[in-house]
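J.: Structure supplied as target30.cif; contents: mmCIF, C-alpha atoms.
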data_run
#
loop_
_atom_site.label_atom_id
_atom_site.label_comp_id
_atom_site.auth_asym_id
_atom_site.auth_seq_id
_atom_site.Cartn_x
_atom_site.Cartn_y
_atom_site.Cartn_z
CA MET A 1 105.96 91.38 126.21
CA VAL A 2 105.14 91.63 122.51
CA ASP A 3 102.46 89.15 121.42
CA HIS A 4 104.14 86.55 119.21
CA SER A 5 101.25 84.08 119.54
CA MET A 6 99.12 85.03 116.54
CA ARG A 7 98.62 82.10 114.20
CA GLY A 8 95.95 80.77 111.86
CA ILE A 9 93.20 82.46 109.85
CA PHE A 10 92.64 86.22 110.25
CA PRO A 11 89.97 87.15 107.67
CA VAL A 12 90.02 90.69 106.27
CA LEU A 13 86.60 92.13 107.05
CA ALA A 14 84.36 93.31 104.23
CA MET A 15 83.01 96.78 104.98
CA PRO A 16 79.21 97.05 104.63
CA PHE A 17 77.97 100.30 103.07
CA ASP A 18 74.46 101.28 102.03
CA ALA A 19 73.61 102.88 98.67
CA GLU A 20 74.51 106.33 100.05
CA GLY A 21 77.93 105.15 101.21
CA ASN A 22 77.13 105.02 104.92
CA ILE A 23 78.63 102.27 107.09
CA VAL A 24 75.96 99.75 108.10
CA VAL A 25 76.97 99.16 111.71
CA GLU A 26 74.61 96.24 112.34
CA ASP A 27 76.05 94.32 109.38
CA LEU A 28 79.61 94.95 110.54
CA GLN A 29 78.78 93.69 114.02
CA ARG A 30 77.01 90.65 112.55
CA GLU A 31 80.03 89.86 110.36
CA VAL A 32 82.39 89.95 113.35
CA ASP A 33 80.08 87.79 115.46
CA TRP A 34 79.67 85.30 112.60
CA ILE A 35 83.42 84.96 112.14
CA ALA A 36 84.00 84.59 115.89
CA GLY A 37 81.40 81.80 115.90
CA HIS A 38 83.69 79.67 113.74
CA GLY A 39 86.43 79.65 116.37
CA ILE A 40 88.74 81.78 114.24
CA PRO A 41 91.53 83.57 116.16
CA GLY A 42 91.38 87.04 114.63
CA VAL A 43 90.24 89.51 112.00
CA ALA A 44 91.86 92.36 110.09
CA ILE A 45 90.66 95.78 108.99
CA ALA A 46 92.74 96.43 105.90
CA LEU A 47 92.75 97.28 102.20
CA GLY A 48 90.10 94.63 101.56
CA SER A 49 87.94 96.51 104.09
CA GLU A 50 88.15 99.65 101.92
CA VAL A 51 90.02 101.33 104.76
CA TYR A 52 91.52 103.75 102.22
CA LYS A 53 87.99 105.15 101.61
CA LEU A 54 87.36 105.91 105.30
CA SER A 55 87.80 109.27 106.99
CA ASP A 56 89.93 109.44 110.13
CA GLU A 57 86.76 109.54 112.24
CA GLU A 58 85.36 106.50 110.42
CA ARG A 59 88.60 104.56 110.87
CA ALA A 60 88.41 105.09 114.62
CA PHE A 61 84.70 104.28 114.70
CA VAL A 62 85.15 101.05 112.71
CA LEU A 63 88.02 99.82 114.89
CA LYS A 64 86.12 100.61 118.10
CA THR A 65 83.02 98.85 116.74
CA VAL A 66 84.96 95.74 115.69
CA ALA A 67 86.92 95.53 118.96
CA GLU A 68 83.71 95.79 120.97
CA ALA A 69 81.89 93.24 118.79
CA ALA A 70 84.82 90.83 119.13
CA LYS A 71 84.27 90.78 122.91
CA GLY A 72 87.74 89.36 123.49
CA ARG A 73 87.04 86.38 121.21
CA LEU A 74 89.15 87.71 118.33
CA LYS A 75 92.43 89.52 117.94
CA VAL A 76 91.97 92.64 115.80
CA VAL A 77 94.65 93.77 113.32
CA MET A 78 94.27 97.35 112.09
CA ASN A 79 95.82 98.87 108.96
CA THR A 80 97.50 102.12 110.02
CA GLY A 81 99.89 102.84 107.17
CA HIS A 82 100.29 106.30 105.67
CA GLU A 83 102.70 108.04 103.32
CA GLY A 84 103.89 110.24 106.20
CA THR A 85 105.76 108.79 109.17
CA GLY A 86 104.15 111.20 111.61
CA VAL A 87 100.60 110.46 110.47
CA SER A 88 101.26 106.74 110.57
CA ILE A 89 102.54 107.09 114.14
CA ASP A 90 99.38 108.99 115.08
CA TYR A 91 97.22 106.27 113.47
CA ALA A 92 99.24 103.60 115.29
CA LYS A 93 98.86 105.21 118.71
CA SER A 94 95.14 105.76 118.18
CA ALA A 95 94.62 102.15 117.05
CA GLN A 96 96.39 100.83 120.13
CA GLU A 97 94.20 102.98 122.38
CA LEU A 98 91.04 101.83 120.60
CA GLY A 99 91.75 98.15 121.15
CA ALA A 100 93.84 96.91 118.23
CA SER A 101 95.83 93.77 119.03
CA ALA A 102 98.31 94.46 116.22
CA LEU A 103 98.87 96.83 113.30
CA MET A 104 99.38 96.19 109.59
CA ILE A 105 101.57 98.66 107.71
CA ARG A 106 103.02 98.77 104.20
CA PRO A 107 105.95 101.00 103.21
CA PRO A 108 105.14 104.41 101.69
CA SER A 109 104.77 104.09 97.92
CA PHE A 110 104.47 107.63 96.53
CA ALA A 111 108.23 108.13 96.53
CA GLN A 112 110.80 105.44 95.78
CA LEU A 113 112.55 104.83 99.11
CA SER A 114 115.84 103.15 99.92
CA ALA A 115 115.96 100.22 102.34
CA SER A 116 117.46 102.61 104.88
CA GLU A 117 114.49 105.00 104.61
CA VAL A 118 111.98 102.15 104.86
CA THR A 119 113.78 100.92 107.97
CA LYS A 120 113.61 104.39 109.57
CA TYR A 121 109.89 104.55 108.80
CA PHE A 122 109.06 101.18 110.37
CA VAL A 123 111.32 101.57 113.40
CA ALA A 124 109.91 105.02 114.20
CA ILE A 125 106.39 103.57 114.30
CA ALA A 126 107.46 100.46 116.22
CA GLU A 127 109.09 102.59 118.90
CA ALA A 128 105.88 104.59 119.41
CA ILE A 129 103.60 101.68 120.34
CA ASP A 130 103.55 98.50 122.44
CA ILE A 131 101.76 96.12 120.09
CA PRO A 132 103.20 94.08 117.20
CA ILE A 133 103.24 95.10 113.56
CA PHE A 134 102.45 93.05 110.47
CA MET A 135 104.68 94.48 107.76
CA GLN A 136 102.74 94.22 104.49
CA ASP A 137 104.74 93.11 101.48
CA VAL A 138 102.47 94.12 98.62
CA VAL A 139 102.97 95.11 94.98
CA GLY A 140 104.08 98.74 94.83
CA SER A 141 105.07 98.75 98.51
CA GLU A 142 107.39 95.81 98.79
CA VAL A 143 109.27 94.46 101.79
CA PRO A 144 111.65 91.95 100.14
CA PRO A 145 112.76 88.96 102.24
CA PRO A 146 116.24 90.34 103.09
CA LEU A 147 114.74 93.66 104.24
CA ALA A 148 111.98 91.89 106.18
CA VAL A 149 114.54 89.96 108.21
CA GLN A 150 116.59 93.12 108.74
CA LEU A 151 113.50 94.93 110.05
CA ALA A 152 112.60 92.06 112.38
CA ASN A 153 116.09 92.29 113.85
CA ALA A 154 115.80 96.09 114.17
CA HIS A 155 112.83 96.12 116.56
CA GLU A 156 110.89 93.44 118.45
CA ASN A 157 107.52 94.91 117.42
CA LEU A 158 108.33 94.22 113.75
CA CYS A 159 107.71 90.52 114.18
CA TYR A 160 105.05 89.63 111.59
CA ILE A 161 104.93 89.95 107.81
CA LYS A 162 102.11 89.44 105.33
CA VAL A 163 103.52 88.36 101.97
CA GLU A 164 101.47 89.27 98.87
CA VAL A 165 104.01 89.98 96.11
CA ALA A 166 103.89 87.58 93.16
CA PRO A 167 105.20 85.02 92.72
CA THR A 168 104.24 84.55 96.37
CA VAL A 169 105.06 80.86 96.72
CA PRO A 170 108.81 81.10 95.96
CA ARG A 171 108.91 84.41 97.85
CA PHE A 172 107.56 82.60 100.90
CA ALA A 173 110.16 79.88 100.58
CA ASP A 174 112.93 82.49 100.28
CA LEU A 175 111.64 84.41 103.30
CA VAL A 176 111.42 81.34 105.54
CA ALA A 177 114.90 80.22 104.49
CA ARG A 178 116.29 83.60 105.60
CA THR A 179 114.35 83.96 108.85
CA GLY A 180 116.88 82.25 111.10
CA ALA A 181 116.92 83.63 114.64
CA SER A 182 115.03 86.83 113.73
CA GLY A 183 111.75 85.42 115.03
CA LEU A 184 109.89 86.82 112.01
CA ILE A 185 106.42 85.21 111.69
CA PRO A 186 105.18 84.96 108.07
CA PHE A 187 101.50 85.17 107.08
CA GLY A 188 99.93 84.79 103.68
CA GLY A 189 97.35 87.03 102.04
CA SER A 190 96.31 87.45 98.41
CA GLY A 191 92.74 86.49 99.26
CA GLY A 192 93.74 82.99 100.37
CA GLN A 193 94.60 81.93 96.81
CA PHE A 194 97.83 80.20 97.90
CA LEU A 195 96.81 79.15 101.41
CA LEU A 196 98.08 75.57 101.21
CA GLU A 197 101.16 76.32 99.12
CA GLU A 198 102.19 78.95 101.68
CA ALA A 199 101.48 76.61 104.60
CA ARG A 200 103.71 73.94 103.10
CA ARG A 201 106.52 76.51 102.95
CA GLY A 202 106.26 77.69 106.52
CA SER A 203 103.38 80.15 106.69
CA GLN A 204 102.05 80.57 110.22
CA GLY A 205 98.70 81.99 109.15
CA SER A 206 96.78 83.78 106.43
CA MET A 207 94.60 86.87 105.97
CA PRO A 208 92.10 85.85 103.27
CA TRP A 209 88.71 87.36 102.40
CA SER A 210 86.01 87.20 105.06
CA VAL A 211 83.32 85.59 102.92
CA ILE A 212 84.17 81.91 103.53
CA PRO A 213 86.06 82.00 106.85
CA ASP A 214 84.62 78.61 107.81
CA VAL A 215 86.18 77.05 104.71
CA TYR A 216 89.60 78.63 105.23
CA ALA A 217 89.54 77.53 108.87
CA ARG A 218 88.75 73.91 107.93
CA VAL A 219 91.54 73.83 105.37
CA TRP A 220 94.01 75.35 107.81
CA ASP A 221 93.01 73.09 110.72
CA ASP A 222 93.14 69.95 108.57
CA PHE A 223 96.60 70.85 107.32
CA GLN A 224 97.91 71.67 110.79
CA SER A 225 96.60 68.37 112.15
CA GLY A 226 98.40 66.44 109.42
CA ASN A 227 95.26 65.70 107.38
CA GLU A 228 96.63 67.16 104.18
CA VAL A 229 94.43 65.05 101.90
CA ASP A 230 91.17 66.55 103.21
CA ALA A 231 92.76 70.00 103.28
CA GLU A 232 93.63 69.68 99.59
CA ILE A 233 90.14 68.44 98.67
CA GLN A 234 88.45 71.37 100.41
CA TYR A 235 90.99 73.84 99.03
CA ARG A 236 90.45 72.73 95.43
CA ARG A 237 86.66 72.67 95.79
CA TYR A 238 86.57 76.42 96.43
CA ALA A 239 89.28 77.40 93.92
CA ALA A 240 86.82 78.73 91.31
CA LEU A 241 85.12 80.92 93.91
CA ASN A 242 88.47 82.35 95.00
CA ARG A 243 89.34 83.04 91.37
CA THR A 244 86.04 84.89 90.86
CA ILE A 245 86.80 87.16 93.82
CA ALA A 246 90.38 87.82 92.70
CA GLN A 247 89.60 90.13 89.77
CA GLY A 248 90.88 93.37 91.25
CA MET A 249 90.05 95.36 94.37
CA GLY A 250 86.92 97.17 93.13
CA THR A 251 85.34 94.09 91.61
CA ALA A 252 86.28 92.00 94.64
CA MET A 253 84.32 94.34 96.92
CA TRP A 254 81.12 93.81 94.92
CA VAL A 255 81.64 90.04 94.80
CA ASN A 256 82.35 89.86 98.53
CA ASP A 257 79.21 91.85 99.32
CA TRP A 258 77.11 89.60 97.07
CA ILE A 259 78.46 86.49 98.80
CA LEU A 260 77.81 87.89 102.28
CA ILE A 261 74.28 88.88 101.20
CA ARG A 262 73.60 85.35 99.95
CA ARG A 263 75.05 83.89 103.15
CA GLY A 264 72.68 86.02 105.23
CA ILE A 265 75.27 88.30 106.83
CA PHE A 266 74.78 91.57 104.91
CA GLN A 267 71.54 93.28 103.93
CA GLU A 268 70.33 93.11 100.33
CA THR A 269 71.30 96.76 99.72
CA SER A 270 74.94 96.39 100.75
CA GLN A 271 77.51 97.56 98.19
CA PRO A 272 81.04 98.99 98.10
CA ARG A 273 81.68 102.68 98.68
CA GLN A 274 82.17 104.44 95.35
CA PRO A 275 84.13 104.43 93.17
CA ALA A 276 84.18 100.67 92.64
CA PRO A 277 83.84 99.05 89.19
CA ARG A 278 80.80 96.78 89.20
CA PRO A 279 81.03 93.31 87.61
CA ASP A 280 78.66 92.46 84.79
CA ASP A 281 75.41 90.53 85.27
CA GLN A 282 77.01 87.34 83.95
CA THR A 283 79.46 87.38 86.85
CA ARG A 284 76.52 87.54 89.26
CA LYS A 285 74.90 84.52 87.57
CA GLU A 286 78.16 82.56 87.68
CA LEU A 287 78.62 83.46 91.33
CA ASP A 288 75.07 82.44 92.25
CA ALA A 289 75.55 79.07 90.54
CA MET A 290 78.80 78.47 92.46
CA LEU A 291 77.26 79.41 95.80
CA GLU A 292 74.35 77.03 95.18
CA GLU A 293 76.69 74.21 94.18
CA LEU A 294 78.91 74.78 97.21
CA ASP A 295 75.86 74.93 99.53
CA LEU A 296 76.81 78.42 100.75
CA VAL A 297 73.40 80.07 100.41
CA GLY A 298 71.57 81.22 103.52
CA LYS A 299 74.13 79.99 106.04
#
As a first step, turn the structure in this file into structure tokens.
T.:
Amino acid sequence: MVDHSMRGIFPVLAMPFDAEGNIVVEDLQREVDWIAGHGIPGVAIALGSEVYKLSDEERAFVLKTVAEAAKGRLKVVMNTGHEGTGVSIDYAKSAQELGASALMIRPPSFAQLSASEVTKYFVAIAEAIDIPIFMQDVVGSEVPPPLAVQLANAHENLCYIKVEVAPTVPRFADLVARTGASGLIPFGGSGGQFLLEEARRGSQGSMPWSVIPDVYARVWDDFQSGNEVDAEIQYRRYAALNRTIAQGMGTAMWVNDWILIRRGIFQETSQPRQPAPRPDDQTRKELDAMLEELDLVGK
């Protein structure tokens, strides 16, 4: 049976590198253990984890490390997309063997593909594995709502979708309205910027950044329990921090590392793997002030 039970907050892990670009295994294990300690159901290894900068050997090593650190406490979603169908199938099979609970895959983006070609791509991968797939609807590799429903009907493993194409809120509403009997399970992303708006429109979970998983979990749990007032208060309180992170992938990696350093999860030397545009010193000062105000230092 395909696992249709995944719900809630699945933070996208930040990848800890030292100044030479080596993966800091102890920090990665600490990050996983810290997230699991908040009672969160799962984590993801994805674009926000700089997976596109990892070699094939590193991808396998990271997934194995995360799955072992999770110790059955967390579901692990692994990004296995590739421009080639065959390579993506190989990545998918390997991820399943290494302990992934689900995969996350976006359509190939180098060539402009028809809906028919995208369907062939996803179905070929789905047929090769026994675990579910999160289809990633992201700018440049879109899975529009009508196609998402079509794919969900094409194979039972294509049962989740992560929506990240702006404007995401109406796109979510459109997707949910079309879902019908397909069983498609929608998740949000975009760094958690629209967590509550998506939840109000039928989101079943979200894959935000990993730096404040405790906050995202509180907001999600309050909303699900019907306490929307407290959820809104918490959500708005951290809006400026979310906005600071959401300045583009390279900048976001530096900001995420700085936050995890200040929260005591990463070592002081942690930084993104190059190339990654570094924010200016003023951004660091603004971030430090926010973390102090939000009481997020040293936790």
J.: Can you list, as a CSV table (one decimal) with C-alpha atoms, in the frame of the given file, the residues that the PyMOL selection byres ((chain A and resi 185-188) around 10) selects here?
T.:
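Wrote it out as out00.csv, contents follow:
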chain,number,residue,atom,x,y,z
A,4,HIS,CA,104.1,86.6,119.2
A,5,SER,CA,101.2,84.1,119.5
A,6,MET,CA,99.1,85.0,116.5
A,7,ARG,CA,98.6,82.1,114.2
A,8,GLY,CA,96.0,80.8,111.9
A,9,ILE,CA,93.2,82.5,109.8
A,10,PHE,CA,92.6,86.2,110.2
A,134,PHE,CA,102.4,93.0,110.5
A,135,MET,CA,104.7,94.5,107.8
A,136,GLN,CA,102.7,94.2,104.5
A,137,ASP,CA,104.7,93.1,101.5
A,148,ALA,CA,112.0,91.9,106.2
A,152,ALA,CA,112.6,92.1,112.4
A,158,LEU,CA,108.3,94.2,113.8
A,159,CYS,CA,107.7,90.5,114.2
A,160,TYR,CA,105.0,89.6,111.6
A,161,ILE,CA,104.9,90.0,107.8
A,162,LYS,CA,102.1,89.4,105.3
A,163,VAL,CA,103.5,88.4,102.0
A,164,GLU,CA,101.5,89.3,98.9
A,168,THR,CA,104.2,84.6,96.4
A,169,VAL,CA,105.1,80.9,96.7
A,172,PHE,CA,107.6,82.6,100.9
A,175,LEU,CA,111.6,84.4,103.3
A,176,VAL,CA,111.4,81.3,105.5
A,179,THR,CA,114.4,84.0,108.8
A,182,SER,CA,115.0,86.8,113.7
A,183,GLY,CA,111.8,85.4,115.0
A,184,LEU,CA,109.9,86.8,112.0
A,189,GLY,CA,97.4,87.0,102.0
A,190,SER,CA,96.3,87.4,98.4
A,191,GLY,CA,92.7,86.5,99.3
A,192,GLY,CA,93.7,83.0,100.4
A,193,GLN,CA,94.6,81.9,96.8
A,194,PHE,CA,97.8,80.2,97.9
A,195,LEU,CA,96.8,79.2,101.4
A,196,LEU,CA,98.1,75.6,101.2
A,197,GLU,CA,101.2,76.3,99.1
A,198,GLU,CA,102.2,79.0,101.7
A,199,ALA,CA,101.5,76.6,104.6
A,201,ARG,CA,106.5,76.5,103.0
A,202,GLY,CA,106.3,77.7,106.5
A,203,SER,CA,103.4,80.2,106.7
A,204,GLN,CA,102.0,80.6,110.2
A,205,GLY,CA,98.7,82.0,109.2
A,206,SER,CA,96.8,83.8,106.4
A,207,MET,CA,94.6,86.9,106.0
A,208,PRO,CA,92.1,85.8,103.3
J.: Within 10 Å of (78.1, 107.7, 107.9) (file coordinates; all atoms listed in the file), which protein or nucleic acid residues are there? I'd like them as JSON, numbers by chain.
T.: {"A": [17, 18, 20, 21, 22, 23, 24, 25, 54, 55, 57, 58]}
J.: Skip A:Ile35 itself and residues of its chain fewer than 3 positions away, then list as a short mmCIF file (atom, residue, chain, number, x, y, z; two decimals) with C-alpha atoms, in the coordinates of the input all residues within 10 Å of it, counting only C-alpha atoms.
T.:
data_model
loop_
_atom_site.label_atom_id
_atom_site.label_comp_id
_atom_site.auth_asym_id
_atom_site.auth_seq_id
_atom_site.Cartn_x
_atom_site.Cartn_y
_atom_site.Cartn_z
CA PHE A 10 92.64 86.22 110.25
CA PRO A 11 89.97 87.15 107.67
CA LEU A 13 86.60 92.13 107.05
CA ARG A 30 77.01 90.65 112.55
CA GLU A 31 80.03 89.86 110.36
CA VAL A 32 82.39 89.95 113.35
CA HIS A 38 83.69 79.67 113.74
CA GLY A 39 86.43 79.65 116.37
CA ILE A 40 88.74 81.78 114.24
CA PRO A 41 91.53 83.57 116.16
CA GLY A 42 91.38 87.04 114.63
CA VAL A 43 90.24 89.51 112.00
CA ALA A 70 84.82 90.83 119.13
CA ARG A 73 87.04 86.38 121.21
CA LEU A 74 89.15 87.71 118.33
CA SER A 210 86.01 87.20 105.06
CA VAL A 211 83.32 85.59 102.92
CA ILE A 212 84.17 81.91 103.53
CA PRO A 213 86.06 82.00 106.85
CA ASP A 214 84.62 78.61 107.81
#
J.: Could you list, as an NGL selection string, every residue within 9 Å of stretch 280-297 of chain A, counting all atoms listed in the file and ignoring same-chain residues fewer than 2 positions away?
T.: :A and (212 or 237-238 or 240-241 or 244 or 255 or 258-259 or 261-264 or 278 or 299)
J.: Take the PyMOL selection byres ((chain A and resi 78-80) around 10), apply it to the structure above, and return the hits as a ChimeraX atom specification.
T.: /A:12,43-47,49,51-52,59,62-63,75-77,81-82,87-96,99-106,125,133-136
J.: Let me see the file: selected residues, C-alpha atoms, as an mmCIF file, in the frame of the given file.
T.:
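Okay, part11.cif is ready:
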data_model
loop_
_atom_site.group_PDB
_atom_site.id
_atom_site.type_symbol
_atom_site.label_atom_id
_atom_site.label_comp_id
_atom_site.auth_asym_id
_atom_site.auth_seq_id
_atom_site.Cartn_x
_atom_site.Cartn_y
_atom_site.Cartn_z
ATOM 1 C CA VAL A 12 90.020 90.690 106.270
ATOM 2 C CA VAL A 43 90.240 89.510 112.000
ATOM 3 C CA ALA A 44 91.860 92.360 110.090
ATOM 4 C CA ILE A 45 90.660 95.780 108.990
ATOM 5 C CA ALA A 46 92.740 96.430 105.900
ATOM 6 C CA LEU A 47 92.750 97.280 102.200
ATOM 7 C CA SER A 49 87.940 96.510 104.090
ATOM 8 C CA VAL A 51 90.020 101.330 104.760
ATOM 9 C CA TYR A 52 91.520 103.750 102.220
ATOM 10 C CA ARG A 59 88.600 104.560 110.870
ATOM 11 C CA VAL A 62 85.150 101.050 112.710
ATOM 12 C CA LEU A 63 88.020 99.820 114.890
ATOM 13 C CA LYS A 75 92.430 89.520 117.940
ATOM 14 C CA VAL A 76 91.970 92.640 115.800
ATOM 15 C CA VAL A 77 94.650 93.770 113.320
ATOM 16 C CA GLY A 81 99.890 102.840 107.170
ATOM 17 C CA HIS A 82 100.290 106.300 105.670
ATOM 18 C CA VAL A 87 100.600 110.460 110.470
ATOM 19 C CA SER A 88 101.260 106.740 110.570
ATOM 20 C CA ILE A 89 102.540 107.090 114.140
ATOM 21 C CA ASP A 90 99.380 108.990 115.080
ATOM 22 C CA TYR A 91 97.220 106.270 113.470
ATOM 23 C CA ALA A 92 99.240 103.600 115.290
ATOM 24 C CA LYS A 93 98.860 105.210 118.710
ATOM 25 C CA SER A 94 95.140 105.760 118.180
ATOM 26 C CA ALA A 95 94.620 102.150 117.050
ATOM 27 C CA GLN A 96 96.390 100.830 120.130
ATOM 28 C CA GLY A 99 91.750 98.150 121.150
ATOM 29 C CA ALA A 100 93.840 96.910 118.230
ATOM 30 C CA SER A 101 95.830 93.770 119.030
ATOM 31 C CA ALA A 102 98.310 94.460 116.220
ATOM 32 C CA LEU A 103 98.870 96.830 113.300
ATOM 33 C CA MET A 104 99.380 96.190 109.590
ATOM 34 C CA ILE A 105 101.570 98.660 107.710
ATOM 35 C CA ARG A 106 103.020 98.770 104.200
ATOM 36 C CA ILE A 125 106.390 103.570 114.300
ATOM 37 C CA ILE A 133 103.240 95.100 113.560
ATOM 38 C CA PHE A 134 102.450 93.050 110.470
ATOM 39 C CA MET A 135 104.680 94.480 107.760
ATOM 40 C CA GLN A 136 102.740 94.220 104.490
#
J.: Pick from A:Asn227, A:Gln150, A:Gln274, A:Thr65: nearest to A:Trp254, with only C-alpha atoms counted?
T.: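 Distance minimum relative to A:Trp254 lands on A:Gln274.
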J.: Mind listing whatever residues come within 12 Å of the point (91.6, 67.9, 100.1)? Use only C-alpha atoms, file coordinates, and give them as a count of residues only.
T.: 22
J.: Give the centre and edge lengths of an axis-aligned box, in Å to one decimal, that holds all listed atoms of stretch 92-102 of chain A with 4 Å on each side, as JSON.
T.:
{"center_x": 95.1, "center_y": 99.8, "center_z": 118.8, "size_x": 16.2, "size_y": 20.0, "size_z": 15.1}
J.: At what distance in Å, to one decimal, does atom CA of A:Ala69 lie from atom CA of A:Ile265?
T.: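 That distance, rounded to one decimal, is 14.5 Å.
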J.: Kindly indicate which residue among A:Phe266, A:Ala181, A:Ala111, A:Pro144 lies nearest to A:Asp27, using only C-alpha atoms for the distances.
T.: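 Between A:Phe266, A:Ala181, A:Ala111, A:Pro144, the residue approaching A:Asp27 most closely is A:Phe266.
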J.: For atom CA of A:Asp130 and atom CA of A:Asn157, quote the distance in Å rounded to one decimal.
T.: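 Interatomic distance, atom CA of A:Asp130 to atom CA of A:Asn157: 7.3 Å.
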